[in-house]
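Student: So here's my_file04.csv (CSV, C-alpha atoms).
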chain,number,residue,atom,x,y,z
A,1,MET,CA,-15.2,46.5,64.6
A,2,GLY,CA,-17.5,48.8,66.6
A,3,SER,CA,-20.7,47.8,68.3
A,4,ARG,CA,-22.8,49.2,65.5
A,5,GLY,CA,-21.4,46.5,63.2
A,6,ILE,CA,-22.2,43.8,65.7
A,7,LEU,CA,-25.8,45.0,66.0
A,8,PHE,CA,-26.2,45.2,62.3
A,9,PHE,CA,-25.3,41.6,61.5
A,10,ALA,CA,-26.2,39.8,64.8
A,11,ASP,CA,-29.3,38.6,62.9
A,12,SER,CA,-31.3,37.4,65.9
A,13,TRP,CA,-33.6,39.5,67.9
A,14,PHE,CA,-32.2,37.9,71.1
A,15,SER,CA,-28.5,37.6,70.0
A,16,PRO,CA,-26.5,40.8,69.8
A,17,SER,CA,-23.3,38.7,70.0
A,18,PRO,CA,-21.9,36.6,68.1
A,19,ALA,CA,-25.0,25.0,37.9
A,20,LYS,CA,-24.6,22.0,36.4
A,21,PRO,CA,-27.5,20.7,34.1
A,22,GLY,CA,-30.0,18.7,36.1
A,23,LEU,CA,-28.8,19.9,39.5
A,24,CYS,CA,-31.8,22.2,40.1
A,25,GLU,CA,-35.2,21.1,39.1
A,26,ARG,CA,-38.5,22.9,39.3
A,27,SER,CA,-41.2,21.3,41.2
A,28,ASP,CA,-20.3,20.8,69.9
A,29,ALA,CA,-24.1,21.6,70.7
A,30,ILE,CA,-24.7,21.4,67.0
A,31,LEU,CA,-23.2,18.0,66.6
A,32,GLU,CA,-25.5,16.3,69.1
A,33,PHE,CA,-28.4,16.9,66.7
A,34,MET,CA,-26.8,15.1,63.8
A,35,PRO,CA,-28.2,11.6,63.6
A,36,GLU,CA,-26.4,8.9,61.5
A,37,THR,CA,-27.6,8.8,57.9
A,38,ALA,CA,-26.2,6.4,55.4
A,39,ASN,CA,-23.5,8.0,53.3
A,40,LEU,CA,-24.2,11.5,54.5
A,41,ILE,CA,-21.3,13.8,55.2
A,42,HIS,CA,-22.3,16.9,57.1
A,43,GLU,CA,-19.8,19.3,58.6
A,44,ILE,CA,-20.6,22.6,60.2
A,45,LEU,CA,-18.0,25.4,60.4
A,46,PRO,CA,-18.8,28.6,62.4
A,47,VAL,CA,-16.9,31.0,60.2
A,48,GLY,CA,-16.0,34.7,60.3
A,49,MET,CA,-16.2,37.3,63.1
A,50,LEU,CA,-19.9,36.7,63.5
A,51,GLN,CA,-19.6,32.9,63.4
A,52,CYS,CA,-21.9,32.2,60.5
A,53,ASN,CA,-22.6,28.5,60.3
A,54,CYS,CA,-21.3,27.2,56.9
A,55,HIS,CA,-22.5,23.7,56.0
A,56,ILE,CA,-20.7,21.2,53.8
A,57,VAL,CA,-23.2,18.5,53.0
A,58,GLY,CA,-21.9,15.6,50.9
A,59,ASP,CA,-22.3,12.0,49.8
A,60,SER,CA,-19.5,9.6,50.8
A,61,ARG,CA,-20.1,7.4,47.7
A,62,THR,CA,-20.3,9.8,44.9
A,63,HIS,CA,-18.4,12.5,46.7
A,64,GLU,CA,-20.9,15.1,45.4
A,65,ALA,CA,-21.7,17.9,47.8
A,66,ILE,CA,-23.2,21.3,48.3
A,67,VAL,CA,-21.8,24.2,50.4
A,68,ILE,CA,-24.3,26.5,52.2
A,69,ASP,CA,-23.3,30.0,53.3
A,70,PRO,CA,-19.5,30.3,53.0
A,71,GLY,CA,-19.4,33.3,55.2
A,72,ASP,CA,-15.6,33.6,55.6
A,73,ASP,CA,-12.6,31.5,56.5
A,74,ALA,CA,-12.5,30.0,53.0
A,75,GLY,CA,-9.3,28.0,53.9
A,76,GLN,CA,-11.1,26.0,56.5
A,77,ILE,CA,-14.0,25.3,54.2
A,78,LEU,CA,-11.7,24.2,51.4
A,79,GLU,CA,-9.8,21.9,53.9
A,80,VAL,CA,-13.0,20.1,54.7
A,81,ILE,CA,-13.9,19.8,51.0
A,82,GLY,CA,-10.4,18.4,50.2
A,83,ARG,CA,-10.3,16.0,53.2
A,84,HIS,CA,-13.5,14.3,52.0
A,85,ARG,CA,-12.5,14.6,48.3
A,86,LEU,CA,-15.7,16.3,47.5
A,87,LYS,CA,-17.0,17.6,44.2
A,88,VAL,CA,-19.0,20.7,45.0
A,89,ARG,CA,-22.1,20.8,42.8
A,90,ALA,CA,-23.6,24.0,44.2
A,91,ILE,CA,-22.8,26.9,46.5
A,92,VAL,CA,-26.1,28.0,48.0
A,93,ILE,CA,-26.6,31.3,49.8
A,94,THR,CA,-29.6,31.5,52.2
A,95,HIS,CA,-29.5,35.3,52.0
A,96,THR,CA,-26.9,37.9,50.9
A,97,HIS,CA,-25.9,39.6,54.1
A,98,ILE,CA,-22.1,40.1,54.0
A,99,ASP,CA,-21.5,37.6,56.9
A,100,HIS,CA,-22.9,34.8,54.8
A,101,VAL,CA,-21.0,35.6,51.6
A,102,ALA,CA,-17.6,36.9,52.6
A,103,GLY,CA,-15.9,33.7,51.6
A,104,LEU,CA,-18.0,33.1,48.5
A,105,HIS,CA,-15.5,34.4,45.9
A,106,ARG,CA,-12.6,32.1,47.0
A,107,ILE,CA,-14.9,29.0,47.3
A,108,HIS,CA,-16.3,29.6,43.9
A,109,GLN,CA,-12.8,30.2,42.4
A,110,ALA,CA,-11.5,27.0,43.9
A,111,THR,CA,-14.4,24.7,43.1
A,112,ALA,CA,-15.9,26.3,40.0
A,113,ALA,CA,-19.3,25.4,41.5
A,114,PRO,CA,-22.3,27.4,40.4
A,115,VAL,CA,-23.7,30.0,42.9
A,116,TYR,CA,-27.4,29.9,43.8
A,117,ILE,CA,-29.5,32.6,45.5
A,118,HIS,CA,-33.1,33.8,45.4
A,119,PRO,CA,-33.8,36.6,42.9
A,120,ASP,CA,-35.3,38.8,45.6
A,121,ASP,CA,-31.8,39.0,47.2
A,122,VAL,CA,-29.9,40.0,44.1
A,123,GLU,CA,-30.1,43.7,44.8
A,124,LEU,CA,-28.9,43.2,48.4
A,125,TYR,CA,-26.0,41.2,47.0
A,126,ARG,CA,-25.1,44.2,44.7
A,127,MET,CA,-25.0,46.3,47.9
A,128,LEU,CA,-22.0,44.5,49.4
A,129,ASP,CA,-19.8,47.6,49.2
A,130,MET,CA,-22.5,49.5,51.2
A,131,GLN,CA,-22.8,46.6,53.7
A,132,ALA,CA,-19.1,46.5,54.2
A,133,ALA,CA,-18.8,50.2,54.7
A,134,TRP,CA,-21.5,50.2,57.2
A,135,ILE,CA,-20.0,47.4,59.3
A,136,GLY,CA,-16.4,48.6,58.8
A,137,TRP,CA,-15.2,45.5,56.8
A,138,LYS,CA,-13.3,45.3,53.6
A,139,ALA,CA,-15.8,44.6,50.8
A,140,PRO,CA,-15.5,41.0,49.5
A,141,GLU,CA,-15.1,40.5,45.8
A,142,ARG,CA,-18.4,39.6,44.1
A,143,VAL,CA,-18.9,36.6,41.8
A,144,GLN,CA,-21.5,36.0,39.1
A,145,VAL,CA,-24.7,34.4,40.3
A,146,ASP,CA,-25.3,31.3,38.1
A,147,GLN,CA,-28.7,30.2,39.2
A,148,LEU,CA,-31.8,31.8,40.8
A,149,LEU,CA,-33.7,29.7,43.3
A,150,ARG,CA,-37.4,29.9,43.8
A,151,GLU,CA,-40.0,28.3,46.0
A,152,GLY,CA,-40.3,24.6,45.3
A,153,ASP,CA,-37.1,24.2,43.4
A,154,SER,CA,-35.1,21.0,44.2
A,155,LEU,CA,-31.3,20.8,44.5
A,156,ARG,CA,-29.8,17.3,44.0
A,157,TRP,CA,-26.4,15.9,44.7
A,158,GLY,CA,-25.5,12.2,44.9
A,159,PRO,CA,-28.6,10.5,46.3
A,160,PHE,CA,-29.7,13.5,48.3
A,161,ALA,CA,-32.1,16.3,47.5
A,162,ALA,CA,-33.2,19.5,49.3
A,163,GLN,CA,-36.3,21.6,48.6
A,164,VAL,CA,-36.1,25.3,48.5
A,165,ILE,CA,-38.5,27.2,50.8
A,166,HIS,CA,-38.7,30.9,50.2
A,167,THR,CA,-38.9,32.5,53.7
A,168,PRO,CA,-39.0,36.3,53.3
A,169,GLY,CA,-38.7,38.5,56.4
A,170,HIS,CA,-35.1,38.6,57.4
A,171,THR,CA,-34.4,39.7,53.9
A,172,GLN,CA,-36.7,39.7,50.9
A,173,GLY,CA,-35.0,36.7,49.3
A,174,SER,CA,-34.2,34.6,52.4
A,175,ILE,CA,-34.5,30.9,51.7
A,176,CYS,CA,-34.3,27.7,53.7
A,177,LEU,CA,-33.3,24.3,52.4
A,178,TYR,CA,-35.3,21.2,53.6
A,179,MET,CA,-33.9,17.7,53.3
A,180,PRO,CA,-36.6,15.1,53.9
A,181,SER,CA,-36.1,12.2,56.3
A,182,GLU,CA,-35.3,9.6,53.6
A,183,ILE,CA,-32.8,9.3,50.8
A,184,PRO,CA,-34.8,9.5,47.5
A,185,GLU,CA,-33.5,6.2,46.1
A,186,ALA,CA,-34.3,4.4,49.4
A,187,ARG,CA,-37.8,5.6,50.0
A,188,ALA,CA,-39.4,2.2,49.7
A,189,ALA,CA,-37.0,0.6,52.2
A,190,VAL,CA,-37.6,3.4,54.6
A,191,ALA,CA,-41.3,3.1,54.3
A,192,ALA,CA,-41.0,-0.6,55.1
A,193,LYS,CA,-38.9,0.2,58.2
A,194,SER,CA,-40.6,3.3,59.5
A,195,ALA,CA,-39.0,2.7,62.9
A,196,GLU,CA,-35.7,3.5,61.4
A,197,ARG,CA,-36.8,6.8,60.0
A,198,SER,CA,-34.4,9.6,60.7
A,199,PRO,CA,-35.5,13.2,61.1
A,200,GLY,CA,-35.5,15.7,58.2
A,201,ARG,CA,-33.1,18.6,58.2
A,202,LEU,CA,-33.8,22.2,57.7
A,203,PHE,CA,-31.0,24.7,56.9
A,204,ALA,CA,-32.7,27.8,58.1
A,205,GLY,CA,-30.3,30.6,57.4
A,206,ASP,CA,-31.3,33.5,59.6
A,207,THR,CA,-35.0,32.9,59.5
A,208,LEU,CA,-35.3,30.7,62.6
A,209,PHE,CA,-32.9,30.4,65.6
A,210,ALA,CA,-32.9,28.3,68.8
A,211,GLY,CA,-35.3,30.4,70.9
A,212,SER,CA,-35.5,33.3,68.5
A,213,ILE,CA,-36.1,34.5,65.0
A,214,GLY,CA,-34.2,36.6,62.5
A,215,ARG,CA,-34.2,40.3,63.0
A,216,THR,CA,-36.2,42.4,60.6
A,217,ASP,CA,-35.0,45.9,61.1
A,218,LEU,CA,-32.4,45.7,58.3
A,219,TRP,CA,-32.7,46.4,54.5
A,220,GLY,CA,-35.7,44.4,53.1
A,221,GLY,CA,-36.7,43.1,56.5
A,222,SER,CA,-40.3,42.7,57.5
A,223,PHE,CA,-41.7,41.4,60.8
A,224,ASP,CA,-45.0,40.5,59.3
A,225,ALA,CA,-43.3,38.6,56.5
A,226,ILE,CA,-41.0,36.6,58.7
A,227,ILE,CA,-43.9,35.6,61.0
A,228,GLY,CA,-45.8,34.5,57.9
A,229,SER,CA,-42.9,32.5,56.7
A,230,LEU,CA,-42.5,30.8,60.1
A,231,LYS,CA,-46.1,30.0,60.8
A,232,GLY,CA,-47.2,29.4,57.3
A,233,LYS,CA,-44.2,27.3,56.1
A,234,LEU,CA,-41.6,26.2,58.6
A,235,LEU,CA,-44.1,25.2,61.3
A,236,GLU,CA,-45.8,22.9,58.7
A,237,LEU,CA,-42.7,20.6,58.9
A,238,PRO,CA,-42.6,17.6,61.3
A,239,ASP,CA,-41.8,18.4,64.9
A,240,ASP,CA,-38.7,16.2,64.8
A,241,THR,CA,-37.1,18.2,61.9
A,242,ILE,CA,-33.6,19.3,62.9
A,243,VAL,CA,-33.1,23.0,62.4
A,244,TYR,CA,-29.7,24.3,61.6
A,245,PRO,CA,-29.7,28.1,62.0
A,246,GLY,CA,-27.3,30.5,60.4
A,247,HIS,CA,-25.8,31.2,63.7
A,248,GLY,CA,-25.7,29.3,67.0
A,249,GLU,CA,-26.8,25.9,68.0
A,250,ALA,CA,-29.2,23.5,66.3
A,251,THR,CA,-32.8,23.0,67.5
A,252,THR,CA,-36.0,21.2,66.3
A,253,ILE,CA,-39.2,22.5,64.9
A,254,GLY,CA,-41.1,20.9,67.8
A,255,ARG,CA,-38.8,22.6,70.4
A,256,GLU,CA,-39.3,26.0,68.8
A,257,ARG,CA,-43.1,25.5,68.5
A,258,SER,CA,-43.3,24.9,72.2
A,259,ALA,CA,-40.7,27.2,73.6
A,260,ASN,CA,-39.9,30.0,71.1
A,261,PRO,CA,-41.6,33.1,72.4
A,262,PHE,CA,-42.5,34.2,68.8
A,263,LEU,CA,-44.1,30.8,68.0
A,264,ILE,CA,-45.6,29.4,71.1
A,265,GLY,CA,-49.1,28.2,70.5
A,266,ASN,CA,-48.7,27.5,66.8
Would you write the structure of this file as structure tokens?
Tutor:
Amino acid sequence: MGSRGILFFADSWFSPSPAKPGLCERSDAILEFMPETANLIHEILPVGMLQCNCHIVGDSRTHEAIVIDPGDDAGQILEVIGRHRLKVRAIVITHTHIDHVAGLHRIHQATAAPVYIHPDDVELYRMLDMQAAWIGWKAPERVQVDQLLREGDSLRWGPFAAQVIHTPGHTQGSICLYMPSEIPEARAAVAAKSAERSPGRLFAGDTLFAGSIGRTDLWGGSFDAIIGSLKGKLLELPDDTIVYPGHGEATTIGRERSANPFLIGN
């Protein structure tokens, strides 16, 4: 792949290298950031040529799980799903750049799990052939989008839940998923033992990186929009929230607030 392709999908301004009913309701360095949470399975696989972080997030009791951004290397993703005996309830796409969806068809075919994206990224998903031609890749086979996610929607699997945050800027339909610090069914116990509270988790796609933000010079990108998403939404989260970007190592909201050159002082 030529350098033009690397620049197209590097996704960070500083990093030119590498449904079932009731599920959705309206309303290394990475591993060191993963605290122990009862029953939580969380595996991170950097997949594909551009090392997109695919997340498998499951519950060890019910074995229900979601898969976030199956960007490629579907065999590795399916091995993790099989090893934990997981039942995938949803495949969630944070945005529809090709490096985040290249393995989607095979994962969907193997699990029959519904596919969730934001409606503002549907048109970009339809442009996979154009994206592939531009970067010099073989176009992946598309699948039917089962559910459209919007701001405030809640995804649920086992005892866990994640809220959808619409964060336009990298693409028009970019989303983040926020898992609060406590398991919903155990909120009272956590409130009674606040010292045992674990941080929330943010699956940030390519909106926020460690020390950088998503690039905005691609189709549907907007610098003003991504800054609005970051300062108006993500920086409203607690400082100890663990941020899992779409590429690279994890960070925290507090660390980015104090050190990210795009966010310092906010």
Student: Just give me the residues with any atom within 8 Å of (-25.4, 23.5, 54.8), file coordinates, counting all atoms listed in the file, written as a list in words.
Tutor: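 Output of the proximity query reads His42, Glu43, Ile44, Asn53, Cys54, His55, Ile56, Val57, Ile66, Val67, Ile68, Asp69 and Phe203 of chain A.
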Student: With distances taken over only C-alpha atoms, which residue among A:Gly205, A:Pro199, A:Pro261, A:Gly214 lies nearest Asp240 (chain A)?
Tutor: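 Of A:Gly205, A:Pro199, A:Pro261, A:Gly214, the one nearest Asp240 (chain A) is A:Pro199, counting only C-alpha atoms.
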Student: Distance CA of Leu50 (chain A)-CA of His247 (chain A), one decimal place?
Tutor: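 Here the two named atoms are 8.1 Å from each other.
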Student: What separation in Å, quoted to one decimal, exists between CA of His95 (chain A) and CA of Ala132 (chain A)?
Tutor: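 Pair CA of His95 (chain A) / CA of Ala132 (chain A) returns 15.4 Å.
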Student: Can you work out which one of A:Ile41, A:Leu124, A:Ala210, A:Ile77 has the shortest atom-to-atom distance to Asn260 (chain A), counting all atoms listed in the file?
Tutor: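 The shortest atom-to-atom distance to Asn260 (chain A) comes from A:Ala210.
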Student: Up to 7 Å from (-32.9, 40.8, 49.8) in the file's coordinates: name the residues, counting all atoms listed in the file, as a PyMOL selection string.
Tutor: chain A and resi 95-96+120-124+171-174+220
Student: Report the distance between CA of Tyr116 (chain A) and CA of Leu202 (chain A) in Å, rounded to one decimal place.
Tutor: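 Taking CA of Tyr116 (chain A) and CA of Leu202 (chain A), their separation equals 17.1 Å.
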